[in-house]
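*Asks:* For reference, the file model_39.cif (mmCIF, C-alpha atoms) is included below:
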data_target
loop_
_atom_site.group_PDB
_atom_site.id
_atom_site.type_symbol
_atom_site.label_atom_id
_atom_site.label_comp_id
_atom_site.auth_asym_id
_atom_site.auth_seq_id
_atom_site.Cartn_x
_atom_site.Cartn_y
_atom_site.Cartn_z
ATOM 1 C CA PHE U 19 -18.465 -14.731 -8.504
ATOM 2 C CA LEU U 20 -14.866 -15.938 -9.017
ATOM 3 C CA PRO U 21 -14.489 -14.757 -12.665
ATOM 4 C CA ARG U 22 -15.871 -11.349 -11.698
ATOM 5 C CA ALA U 23 -13.520 -11.146 -8.707
ATOM 6 C CA VAL U 24 -10.508 -11.921 -10.913
ATOM 7 C CA ALA U 25 -11.595 -9.259 -13.420
ATOM 8 C CA HIS U 26 -12.014 -6.660 -10.662
ATOM 9 C CA LEU U 27 -8.586 -7.465 -9.216
ATOM 10 C CA PHE U 28 -7.021 -7.234 -12.663
ATOM 11 C CA ALA U 29 -8.539 -3.793 -13.199
ATOM 12 C CA TYR U 30 -7.414 -2.645 -9.745
ATOM 13 C CA CYS U 31 -3.814 -3.787 -10.196
ATOM 14 C CA CYS U 32 -3.267 -2.962 -13.852
ATOM 15 C CA PHE U 33 -4.962 0.388 -14.427
ATOM 16 C CA ALA U 34 -3.401 3.626 -13.246
ATOM 17 C CA ASP U 35 -6.618 5.634 -13.545
ATOM 18 C CA THR U 36 -7.928 6.368 -10.062
ATOM 19 C CA GLY U 37 -11.591 6.192 -11.072
ATOM 20 C CA THR U 38 -11.168 2.804 -12.712
ATOM 21 C CA ARG U 39 -9.342 1.404 -9.713
ATOM 22 C CA PHE U 40 -11.913 2.818 -7.292
ATOM 23 C CA ASN U 41 -14.820 1.289 -9.226
ATOM 24 C CA ALA U 42 -12.996 -2.038 -9.434
ATOM 25 C CA ILE U 43 -12.433 -2.315 -5.702
ATOM 26 C CA ARG U 44 -15.981 -1.112 -4.982
ATOM 27 C CA ARG U 45 -17.454 -3.783 -7.249
ATOM 28 C CA LEU U 46 -15.185 -6.427 -5.760
ATOM 29 C CA LEU U 47 -16.272 -5.521 -2.230
ATOM 30 C CA ARG U 48 -19.902 -5.389 -3.302
ATOM 31 C CA ASP U 49 -19.807 -8.857 -4.862
ATOM 32 C CA THR U 50 -17.811 -10.274 -1.971
ATOM 33 C CA SER U 51 -20.209 -8.974 0.670
ATOM 34 C CA THR U 52 -23.185 -10.301 -1.288
ATOM 35 C CA TYR U 53 -21.844 -13.854 -1.411
ATOM 36 C CA ALA U 54 -19.871 -13.837 1.850
ATOM 37 C CA PRO U 55 -20.874 -16.155 4.701
ATOM 38 C CA ARG U 56 -22.983 -14.570 7.399
ATOM 39 C CA GLN U 57 -20.645 -15.727 10.164
ATOM 40 C CA LEU U 58 -18.753 -12.804 11.632
ATOM 41 C CA HIS U 59 -15.857 -14.899 12.903
ATOM 42 C CA ALA U 60 -15.359 -16.443 9.449
ATOM 43 C CA LEU U 61 -15.354 -13.016 7.798
ATOM 44 C CA GLN U 62 -12.888 -11.749 10.370
ATOM 45 C CA LEU U 63 -10.501 -14.623 9.726
ATOM 46 C CA ILE U 64 -10.528 -13.885 5.988
ATOM 47 C CA THR U 65 -9.297 -10.320 6.490
ATOM 48 C CA ASP U 66 -6.815 -11.425 9.143
ATOM 49 C CA ILE U 67 -4.874 -13.345 6.490
ATOM 50 C CA ALA U 68 -3.479 -10.074 5.107
ATOM 51 C CA PRO U 69 -0.655 -9.575 7.652
ATOM 52 C CA ARG U 70 0.659 -13.058 6.826
ATOM 53 C CA LEU U 71 1.187 -12.389 3.119
ATOM 54 C CA PRO U 72 4.696 -10.988 2.449
ATOM 55 C CA LEU U 73 3.963 -10.505 -1.258
ATOM 56 C CA LEU U 74 0.980 -8.329 -0.349
ATOM 57 C CA ALA U 75 3.178 -6.075 1.786
ATOM 58 C CA TRP U 76 5.697 -5.736 -1.064
ATOM 59 C CA THR U 77 2.945 -4.812 -3.530
ATOM 60 C CA GLN U 78 1.337 -2.332 -1.164
ATOM 61 C CA LEU U 79 4.542 -0.473 -0.355
ATOM 62 C CA ARG U 80 6.710 -0.845 -3.471
ATOM 63 C CA VAL U 81 3.984 -0.439 -6.081
ATOM 64 C CA LEU U 82 1.278 1.662 -4.416
ATOM 65 C CA GLY U 83 3.795 3.507 -2.235
ATOM 66 C CA CYS U 84 6.060 4.107 -5.257
ATOM 67 C CA GLY U 85 9.015 2.548 -3.442
ATOM 68 C CA THR U 86 9.481 5.451 -1.019
ATOM 69 C CA VAL U 87 7.267 4.163 1.789
ATOM 70 C CA ARG U 88 8.422 2.003 4.681
ATOM 71 C CA PHE U 89 6.690 0.452 7.650
ATOM 72 C CA CYS U 90 7.572 -1.309 10.859
ATOM 73 C CA PRO U 91 5.365 -3.064 13.404
ATOM 74 C CA ALA U 92 4.408 -1.034 16.446
ATOM 75 C CA GLY U 93 4.862 -2.655 19.837
ATOM 76 C CA SER U 94 2.562 -3.081 22.775
ATOM 77 C CA ALA U 95 2.796 0.551 23.911
ATOM 78 C CA ALA U 96 1.278 1.583 20.585
ATOM 79 C CA GLY U 97 -1.336 -1.158 20.652
ATOM 80 C CA GLY U 98 0.401 -3.418 18.154
ATOM 81 C CA GLY U 99 -0.405 -1.441 15.010
ATOM 82 C CA GLU U 100 2.244 -0.253 12.577
ATOM 83 C CA TRP U 101 4.204 2.829 11.630
ATOM 84 C CA VAL U 102 4.104 3.932 7.999
ATOM 85 C CA TRP U 103 6.317 6.719 6.671
ATOM 86 C CA SER U 104 7.924 8.034 3.511
ATOM 87 C CA GLU U 105 11.680 8.148 3.050
ATOM 88 C CA ASP U 106 11.432 10.860 0.412
ATOM 89 C CA LEU U 107 13.425 13.436 2.382
ATOM 90 C CA GLY U 108 16.374 14.329 0.199
ATOM 91 C CA ALA U 109 19.986 13.274 0.482
ATOM 92 C CA SER U 110 20.964 15.582 3.357
ATOM 93 C CA SER U 111 18.178 14.411 5.650
ATOM 94 C CA LEU U 112 18.812 10.767 4.880
ATOM 95 C CA ALA U 113 22.512 11.181 5.572
ATOM 96 C CA ALA U 114 21.702 12.664 8.964
ATOM 97 C CA ILE U 115 19.819 9.557 10.128
ATOM 98 C CA GLY U 116 21.830 6.859 8.355
ATOM 99 C CA ASP U 117 20.737 3.912 6.253
ATOM 100 C CA LEU U 118 17.080 3.239 7.072
ATOM 101 C CA SER U 119 17.185 -0.150 5.377
ATOM 102 C CA ILE U 120 19.488 -1.327 8.174
ATOM 103 C CA HIS U 121 17.007 -0.214 10.807
ATOM 104 C CA LEU U 122 14.189 -1.985 9.007
ATOM 105 C CA ARG U 123 16.083 -5.251 8.694
ATOM 106 C CA ARG U 124 16.934 -5.169 12.383
ATOM 107 C CA ALA U 125 13.424 -4.024 13.405
ATOM 108 C CA PRO U 126 13.357 -0.875 15.550
ATOM 109 C CA SER U 127 12.663 -0.070 19.214
ATOM 110 C CA ASN U 128 10.918 -2.190 21.766
ATOM 111 C CA TRP U 129 8.906 0.831 22.894
ATOM 112 C CA PHE U 130 6.955 1.114 19.658
ATOM 113 C CA CYS U 131 8.250 -1.882 17.699
ATOM 114 C CA CYS U 132 8.485 -5.531 18.457
ATOM 115 C CA ASP U 133 12.127 -6.602 18.322
ATOM 116 C CA THR U 134 13.453 -6.831 21.892
ATOM 117 C CA ASP U 135 17.079 -6.849 20.602
ATOM 118 C CA TYR U 136 16.768 -3.099 19.951
ATOM 119 C CA ALA U 137 14.938 -2.010 23.071
ATOM 120 C CA HIS U 138 17.070 1.127 23.374
ATOM 121 C CA GLU U 139 16.762 2.312 19.781
ATOM 122 C CA GLU U 140 13.817 4.413 18.673
ATOM 123 C CA PRO U 141 12.141 3.576 15.361
ATOM 124 C CA PRO U 142 12.702 6.036 12.500
ATOM 125 C CA PRO U 143 9.263 7.710 12.931
ATOM 126 C CA LEU U 144 10.277 8.831 16.417
ATOM 127 C CA ARG U 145 13.659 10.224 15.340
ATOM 128 C CA PRO U 146 14.462 13.455 13.471
ATOM 129 C CA PRO U 147 13.595 14.457 10.851
ATOM 130 C CA PHE U 148 10.549 12.161 10.858
ATOM 131 C CA ALA U 149 9.536 13.088 14.409
ATOM 132 C CA GLU U 150 9.010 16.705 13.316
ATOM 133 C CA ARG U 151 6.341 15.779 10.811
ATOM 134 C CA ARG U 152 2.613 15.803 11.299
ATOM 135 C CA LEU U 153 1.349 12.486 12.667
ATOM 136 C CA ILE U 154 -1.809 10.863 11.335
ATOM 137 C CA LEU U 155 -3.365 8.425 13.769
ATOM 138 C CA TYR U 156 -5.182 6.274 11.240
ATOM 139 C CA ILE U 157 -8.090 4.110 12.439
ATOM 140 C CA HIS U 158 -8.981 1.463 9.889
ATOM 141 C CA GLY U 159 -12.537 0.657 8.911
ATOM 142 C CA GLY U 160 -14.116 -2.758 8.621
ATOM 143 C CA ALA U 161 -17.548 -2.408 10.241
ATOM 144 C CA PHE U 162 -15.954 -2.704 13.727
ATOM 145 C CA VAL U 163 -15.408 -6.416 12.999
ATOM 146 C CA LEU U 164 -13.066 -6.785 10.014
ATOM 147 C CA CYS U 165 -9.653 -5.663 8.755
ATOM 148 C CA ASN U 166 -6.434 -4.536 10.408
ATOM 149 C CA PRO U 167 -3.558 -2.149 9.640
ATOM 150 C CA ALA U 168 -2.198 -4.491 6.945
ATOM 151 C CA THR U 169 -5.418 -4.462 4.909
ATOM 152 C CA HIS U 170 -5.314 -0.659 4.770
ATOM 153 C CA ARG U 171 -1.683 -0.207 3.718
ATOM 154 C CA PRO U 172 -2.643 1.019 0.218
ATOM 155 C CA LEU U 173 -4.401 3.916 1.923
ATOM 156 C CA THR U 174 -1.904 4.591 4.709
ATOM 157 C CA ALA U 175 1.062 4.241 2.352
ATOM 158 C CA ASN U 176 -0.378 6.830 -0.007
ATOM 159 C CA LEU U 177 -1.202 9.170 2.870
ATOM 160 C CA ALA U 178 2.394 8.964 4.073
ATOM 161 C CA ARG U 179 3.793 9.458 0.571
ATOM 162 C CA MET U 180 1.494 12.191 -0.725
ATOM 163 C CA LEU U 181 1.308 14.230 2.504
ATOM 164 C CA ASN U 182 4.938 13.562 3.506
ATOM 165 C CA CYS U 183 3.756 12.702 7.000
ATOM 166 C CA THR U 184 4.077 9.863 9.489
ATOM 167 C CA VAL U 185 1.145 7.499 9.896
ATOM 168 C CA LEU U 186 0.455 5.276 12.871
ATOM 169 C CA ALA U 187 -2.109 2.702 11.754
ATOM 170 C CA ALA U 188 -3.833 1.750 14.983
ATOM 171 C CA ARG U 189 -4.789 -1.749 16.002
ATOM 172 C CA TYR U 190 -7.773 -2.029 18.312
ATOM 173 C CA ARG U 191 -9.950 -4.763 19.733
ATOM 174 C CA ARG U 192 -12.842 -5.646 17.452
ATOM 175 C CA ALA U 193 -16.378 -6.923 17.807
ATOM 176 C CA PRO U 194 -17.957 -9.402 18.315
ATOM 177 C CA GLN U 195 -15.292 -10.620 20.763
ATOM 178 C CA HIS U 196 -14.863 -7.123 22.180
ATOM 179 C CA PRO U 197 -17.939 -4.901 21.749
ATOM 180 C CA PHE U 198 -18.213 -1.191 22.586
ATOM 181 C CA PRO U 199 -16.381 0.487 24.289
ATOM 182 C CA ALA U 200 -13.297 -1.771 23.939
ATOM 183 C CA ALA U 201 -12.060 -0.208 20.684
ATOM 184 C CA LEU U 202 -12.573 3.314 22.020
ATOM 185 C CA ASP U 203 -10.732 2.443 25.246
ATOM 186 C CA ASP U 204 -7.768 1.130 23.247
ATOM 187 C CA LEU U 205 -7.602 4.244 21.102
ATOM 188 C CA THR U 206 -7.867 6.533 24.117
ATOM 189 C CA ASP U 207 -4.914 4.765 25.751
ATOM 190 C CA LEU U 208 -2.973 5.044 22.509
ATOM 191 C CA TYR U 209 -3.647 8.770 22.216
ATOM 192 C CA ARG U 210 -2.447 9.330 25.787
ATOM 193 C CA THR U 211 0.782 7.525 24.880
ATOM 194 C CA LEU U 212 1.278 9.563 21.711
ATOM 195 C CA LEU U 213 0.861 12.823 23.620
ATOM 196 C CA ALA U 214 4.086 12.039 25.451
ATOM 197 C CA HIS U 215 5.952 12.136 22.121
ATOM 198 C CA PHE U 216 4.000 14.449 19.813
ATOM 199 C CA PRO U 217 2.277 17.791 20.490
ATOM 200 C CA ALA U 218 -1.494 17.469 20.153
ATOM 201 C CA GLU U 219 -1.677 20.118 17.424
ATOM 202 C CA ARG U 220 0.471 17.926 15.147
ATOM 203 C CA ILE U 221 -1.714 14.826 15.610
ATOM 204 C CA VAL U 222 -4.621 14.244 13.222
ATOM 205 C CA PHE U 223 -7.269 11.577 13.764
ATOM 206 C CA ALA U 224 -8.255 9.905 10.488
ATOM 207 C CA GLY U 225 -10.346 6.901 9.575
ATOM 208 C CA ASP U 226 -12.698 5.361 7.067
ATOM 209 C CA SER U 227 -16.182 3.930 7.590
ATOM 210 C CA ALA U 228 -16.296 2.429 11.101
ATOM 211 C CA GLY U 229 -12.808 3.838 11.674
ATOM 212 C CA ALA U 230 -14.173 7.316 11.003
ATOM 213 C CA ASN U 231 -16.886 6.641 13.583
ATOM 214 C CA LEU U 232 -14.136 5.783 16.065
ATOM 215 C CA ALA U 233 -12.202 8.928 15.105
ATOM 216 C CA ILE U 234 -15.280 11.030 15.923
ATOM 217 C CA THR U 235 -15.952 9.269 19.221
ATOM 218 C CA LEU U 236 -12.266 9.473 20.156
ATOM 219 C CA ALA U 237 -12.327 13.233 19.594
ATOM 220 C CA LEU U 238 -15.443 13.504 21.771
ATOM 221 C CA ARG U 239 -13.838 11.417 24.496
ATOM 222 C CA THR U 240 -10.691 13.568 24.516
ATOM 223 C CA ARG U 241 -12.976 16.539 25.103
ATOM 224 C CA ASP U 242 -14.818 14.771 27.923
ATOM 225 C CA LEU U 243 -11.533 13.740 29.560
ATOM 226 C CA SER U 244 -10.069 17.250 29.136
ATOM 227 C CA LEU U 245 -7.200 15.872 27.067
ATOM 228 C CA PRO U 246 -5.530 18.175 24.507
ATOM 229 C CA ALA U 247 -7.579 18.276 21.322
ATOM 230 C CA PRO U 248 -6.025 16.855 18.144
ATOM 231 C CA GLY U 249 -4.998 19.144 15.339
ATOM 232 C CA GLY U 250 -7.749 17.885 13.045
ATOM 233 C CA LEU U 251 -10.071 15.131 11.881
ATOM 234 C CA VAL U 252 -10.167 13.412 8.480
ATOM 235 C CA LEU U 253 -13.319 11.344 8.002
ATOM 236 C CA ILE U 254 -13.630 9.116 4.935
ATOM 237 C CA SER U 255 -17.180 7.914 4.305
ATOM 238 C CA PRO U 256 -17.937 7.796 8.036
ATOM 239 C CA TRP U 257 -20.442 5.313 9.413
ATOM 240 C CA ALA U 258 -21.577 7.853 11.948
ATOM 241 C CA ASP U 259 -25.108 6.726 12.817
ATOM 242 C CA LEU U 260 -25.554 3.076 13.733
ATOM 243 C CA SER U 261 -29.216 3.677 14.569
ATOM 244 C CA GLU U 262 -30.080 4.406 10.924
ATOM 245 C CA ASP U 263 -32.923 2.369 9.423
ATOM 246 C CA LEU U 264 -30.777 0.346 7.068
ATOM 247 C CA SER U 265 -33.793 -1.309 5.497
ATOM 248 C CA ALA U 266 -34.436 1.970 3.691
ATOM 249 C CA LEU U 267 -31.190 1.467 1.786
ATOM 250 C CA ALA U 268 -32.369 -1.735 0.206
ATOM 251 C CA GLY U 269 -34.557 0.036 -2.338
ATOM 252 C CA SER U 270 -36.738 -2.342 -4.292
ATOM 253 C CA PRO U 271 -36.992 -6.044 -3.409
ATOM 254 C CA LYS U 272 -34.876 -6.764 -6.509
ATOM 255 C CA ASP U 273 -31.953 -4.764 -5.127
ATOM 256 C CA LEU U 274 -31.063 -6.367 -1.812
ATOM 257 C CA ARG U 275 -27.549 -4.926 -1.942
ATOM 258 C CA GLY U 276 -28.500 -1.306 -1.334
ATOM 259 C CA GLY U 277 -27.838 1.721 -3.496
ATOM 260 C CA PRO U 278 -25.372 1.896 -6.397
ATOM 261 C CA ASP U 279 -22.535 3.103 -4.134
ATOM 262 C CA ASP U 280 -23.195 0.696 -1.250
ATOM 263 C CA TYR U 281 -21.283 -2.553 -1.127
ATOM 264 C CA ILE U 282 -22.536 -3.980 2.177
ATOM 265 C CA PRO U 283 -26.049 -5.455 2.115
ATOM 266 C CA PRO U 284 -28.291 -3.822 4.738
ATOM 267 C CA GLU U 285 -28.872 -7.073 6.600
ATOM 268 C CA LEU U 286 -25.106 -7.623 6.912
ATOM 269 C CA ALA U 287 -24.610 -4.041 8.080
ATOM 270 C CA ARG U 288 -27.215 -4.642 10.784
ATOM 271 C CA MET U 289 -25.262 -7.696 11.937
ATOM 272 C CA PHE U 290 -22.096 -5.618 12.249
ATOM 273 C CA ALA U 291 -23.881 -2.827 14.139
ATOM 274 C CA ARG U 292 -25.479 -5.249 16.595
ATOM 275 C CA ALA U 293 -22.138 -6.983 17.199
ATOM 276 C CA TYR U 294 -20.408 -3.691 17.985
ATOM 277 C CA ALA U 295 -23.192 -2.427 20.245
ATOM 278 C CA ALA U 296 -23.663 -5.871 21.852
ATOM 279 C CA ALA U 297 -27.349 -5.447 21.126
#
Step by step, read the file and then write its structure as structure tokens.
*Replies:*
Amino acid sequence: FLPRAVAHLFAYCCFADTGTRFNAIRRLLRDTSTYAPRQLHALQLITDIAPRLPLLAWTQLRVLGCGTVRFCPAGSAAGGGEWVWSEDLGASSLAAIGDLSIHLRRAPSNWFCCDTDYAHEEPPPLRPPFAERRLILYIHGGAFVLCNPATHRPLTANLARMLNCTVLAARYRRAPQHPFPAALDDLTDLYRTLLAHFPAERIVFAGDSAGANLAITLALRTRDLSLPAPGGLVLISPWADLSEDLSALAGSPKDLRGGPDDYIPPELARMFARAYAAA
């Protein structure tokens, strides 16, 4: 497993071709999930290492974000996720808001960011010209159990850079410690908070896998609560139906890892689904 993992990581980091990098990360995830321990807490701890790796953050933002993407931690009002945005605004816009590197070193606003020394200063994403952009509320995947905003920075950084938008990568409570509806409750509270600062039509719910499931259910809940509807939904490979007979994905007995594009073994997927549903 280890030699293959190193080869996949090399291909992901060293090749610019999108298809090559996608196949490398898919194979890495597929091999990892095949040999990973079947203890959900242990798997969760592995992905929770990401926020503690400064070199990873530098790589994600400077290399994958092409040096134009910044982030800052979001505070308790935003659920503890993180803001991600692109500085590629042109000289006139940057001059109007000052040197962003100073704001990042000092850490912005207690309302959305963590540094209490700057409780009266809004973070750059809440100040013009950033505040006039479309906001993507990004809900990370991870089978309702794994990952966090830091693990998904390659995706959120590229969204911010390529779409020239602001991204709020949400943090939510995860199973098995907090089964349904804890994550949905957290996201609903976050959306209510965002509505005080952004018009609903400029907010887009986005997510991948389990995060896409949560984006769908959040949109349905906003309807049920008569909250303003978001401006759109972006669903990346959504895990929309947890009742699916996952055993059908296993194919022949020789292929216990599912189809060629699946990287989570069916029996592991069932574990994740049961943990989220507290079944």
*Asks:* Select from segment 123-212 of chain U every residue with an atom at most 12 Å from any atom of segment 96-100 of chain U, then for each give the shortest pair of atoms and their distance in Å to one decimal, using only C-alpha atoms, rows by chain and rising number, as a Markdown table.
*Replies:*
| residue | atom | partner | partner_atom | distance |
| --- | --- | --- | --- | --- |
| U:Ala125 | CA | U:Glu100 | CA | 11.8 |
| U:Pro126 | CA | U:Glu100 | CA | 11.5 |
| U:Ser127 | CA | U:Ala96 | CA | 11.6 |
| U:Asn128 | CA | U:Ala96 | CA | 10.4 |
| U:Trp129 | CA | U:Ala96 | CA | 8.0 |
| U:Phe130 | CA | U:Ala96 | CA | 5.8 |
| U:Cys131 | CA | U:Gly98 | CA | 8.0 |
| U:Cys132 | CA | U:Gly98 | CA | 8.4 |
| U:Pro141 | CA | U:Glu100 | CA | 11.0 |
| U:Pro143 | CA | U:Glu100 | CA | 10.6 |
| U:Ile154 | CA | U:Glu100 | CA | 11.9 |
| U:Leu155 | CA | U:Gly99 | CA | 10.4 |
| U:Tyr156 | CA | U:Gly99 | CA | 9.8 |
| U:Ile157 | CA | U:Gly99 | CA | 9.8 |
| U:His158 | CA | U:Gly99 | CA | 10.4 |
| U:Cys165 | CA | U:Gly99 | CA | 11.9 |
| U:Asn166 | CA | U:Gly99 | CA | 8.2 |
| U:Pro167 | CA | U:Gly99 | CA | 6.3 |
| U:Ala168 | CA | U:Glu100 | CA | 8.3 |
| U:Thr169 | CA | U:Glu100 | CA | 11.6 |
| U:His170 | CA | U:Glu100 | CA | 10.9 |
| U:Arg171 | CA | U:Glu100 | CA | 9.7 |
| U:Thr174 | CA | U:Glu100 | CA | 10.1 |
| U:Ala175 | CA | U:Glu100 | CA | 11.2 |
| U:Thr184 | CA | U:Glu100 | CA | 10.7 |
| U:Val185 | CA | U:Glu100 | CA | 8.3 |
| U:Leu186 | CA | U:Glu100 | CA | 5.8 |
| U:Ala187 | CA | U:Glu100 | CA | 5.3 |
| U:Ala188 | CA | U:Gly99 | CA | 4.7 |
| U:Arg189 | CA | U:Gly99 | CA | 4.5 |
| U:Tyr190 | CA | U:Gly97 | CA | 6.9 |
| U:Arg191 | CA | U:Gly97 | CA | 9.4 |
| U:Ala201 | CA | U:Gly97 | CA | 10.8 |
| U:Asp203 | CA | U:Gly97 | CA | 11.1 |
| U:Asp204 | CA | U:Gly97 | CA | 7.3 |
| U:Leu205 | CA | U:Gly97 | CA | 8.3 |
| U:Thr206 | CA | U:Gly97 | CA | 10.7 |
| U:Asp207 | CA | U:Gly97 | CA | 8.6 |
| U:Leu208 | CA | U:Ala96 | CA | 5.8 |
| U:Tyr209 | CA | U:Ala96 | CA | 8.9 |
| U:Arg210 | CA | U:Ala96 | CA | 10.0 |
| U:Thr211 | CA | U:Ala96 | CA | 7.3 |
| U:Leu212 | CA | U:Ala96 | CA | 8.1 |
*Asks:* Find the residue from U:Leu202, U:Ala92, U:Val87, U:Val252 that sits nearest to Asn182 of chain U; use all atoms listed in the file when measuring.
*Replies:*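 Comparing U:Leu202, U:Ala92, U:Val87, U:Val252 against Asn182 of chain U, the winner is U:Val87.
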*Asks:* Of the residues U:Ala228, U:Pro217, U:Thr50, U:Cys183, which is the one nearest to Arg88 of chain U, using all atoms listed in the file?
*Replies:*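 Going through U:Ala228, U:Pro217, U:Thr50, U:Cys183 one by one, the smallest distance to Arg88 of chain U is for U:Cys183.
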*Asks:* Could you jot down the atom CA of Trp257 of chain U to atom CA of Gly160 of chain U separation for me, Å, one decimal place?
*Replies:*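 Atom CA of Gly160 of chain U lies at a distance of 10.3 Å from atom CA of Trp257 of chain U.
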*Asks:* Pick out the residues sitting within 12 Å of Arg151 of chain U, and hand them over as a VMD selection string; count all atoms listed in the file, and ignore anything fewer than 2 positions along from it in its own chain.
*Replies:* chain U and resid 103 to 104 107 142 to 149 153 to 154 178 181 to 185 215 to 217 219 to 222
*Asks:* Restricting the calculation to all atoms listed in the file: of U:Arg22, U:Tyr294, U:Pro246, U:Leu63, which residue gets closest to Arg48 of chain U?
*Replies:*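 Between U:Arg22, U:Tyr294, U:Pro246, U:Leu63, the residue approaching Arg48 of chain U most closely is U:Arg22.
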*Asks:* Nearest to Arg192 of chain U: which of U:Asn176, U:Gln57, U:Gln62, U:Thr240 is it, counting all atoms listed in the file?
*Replies:*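 Checking each of U:Asn176, U:Gln57, U:Gln62, U:Thr240 against Arg192 of chain U, counting all atoms listed in the file, the winner is U:Gln62.
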*Asks:* Which is closer to His196 of chain U than all the others in U:Leu173, U:Leu286, U:Ala296, U:Ala161, using all atoms listed in the file?
*Replies:*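 Selected residue with least distance to His196 of chain U: U:Ala296.
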*Asks:* Using all atoms listed in the file, which of U:Gly159, U:Phe198, U:Ala247, U:Arg239 sits nearest Ala224 of chain U?
*Replies:*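 Going through U:Gly159, U:Phe198, U:Ala247, U:Arg239 one by one, the smallest distance to Ala224 of chain U is for U:Gly159.
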*Asks:* Tell me, in Å to one decimal, how far atom CA of Pro199 of chain U is from atom CA of Ala295 of chain U.
*Replies:*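 Between these atoms lies a distance of 8.4 Å.
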*Asks:* Give me the residues within 9 Å of Gln195 of chain U as a short mmCIF file (atom, residue, chain, number, x, y, z; two decimals) with C-alpha atoms, in the frame of the given file, counting all atoms listed in the file and dropping any in the same chain fewer than 4 places off.
*Replies:*
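And here's selection29.cif as it stands now:
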data_model
loop_
_atom_site.label_atom_id
_atom_site.label_comp_id
_atom_site.auth_asym_id
_atom_site.auth_seq_id
_atom_site.Cartn_x
_atom_site.Cartn_y
_atom_site.Cartn_z
CA HIS U 59 -15.86 -14.90 12.90
CA VAL U 163 -15.41 -6.42 13.00
CA ARG U 191 -9.95 -4.76 19.73
CA ALA U 293 -22.14 -6.98 17.20
#
*Asks:* I'd like the contact shell of segment 231-233 of chain U - 6 Å cut-off, only C-alpha atoms, skipping same-chain residues fewer than 2 positions apart - returned as a PyMOL selection string.
*Replies:* chain U and resi 223+228-229+235-236+256-258
*Asks:* Report the centre and edge lengths, in Å to one decimal, of an axis-aligned box enclosing every atom of segment 244-261 of chain U listed in the file, padded by 4 Å on each side, as JSON.
*Replies:*
{"center_x": -17.1, "center_y": 11.1, "center_z": 16.7, "size_x": 32.2, "size_y": 24.1, "size_z": 32.8}
*Asks:* Name the residues captured by the PyMOL selection byres ((chain U and resi 254) around 7) when it is applied to the shown file; answer as a PDB file with C-alpha atoms, in the frame of the given file.
*Replies:*
ATOM      1  CA  GLY U 225     -10.346   6.901   9.575  1.00  0.00           C
ATOM      2  CA  ASP U 226     -12.698   5.361   7.067  1.00  0.00           C
ATOM      3  CA  SER U 227     -16.182   3.930   7.590  1.00  0.00           C
ATOM      4  CA  ALA U 230     -14.173   7.316  11.003  1.00  0.00           C
ATOM      5  CA  VAL U 252     -10.167  13.412   8.480  1.00  0.00           C
ATOM      6  CA  LEU U 253     -13.319  11.344   8.002  1.00  0.00           C
ATOM      7  CA  SER U 255     -17.180   7.914   4.305  1.00  0.00           C
ATOM      8  CA  PRO U 256     -17.937   7.796   8.036  1.00  0.00           C
TER       9      PRO U 256
END
*Asks:* What's the separation between atom CA of Arg152 of chain U and atom CA of Ala237 of chain U, in Å to one decimal place?
*Replies:*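 Spanning atom CA of Arg152 of chain U to atom CA of Ala237 of chain U is a straight-line distance of 17.3 Å.
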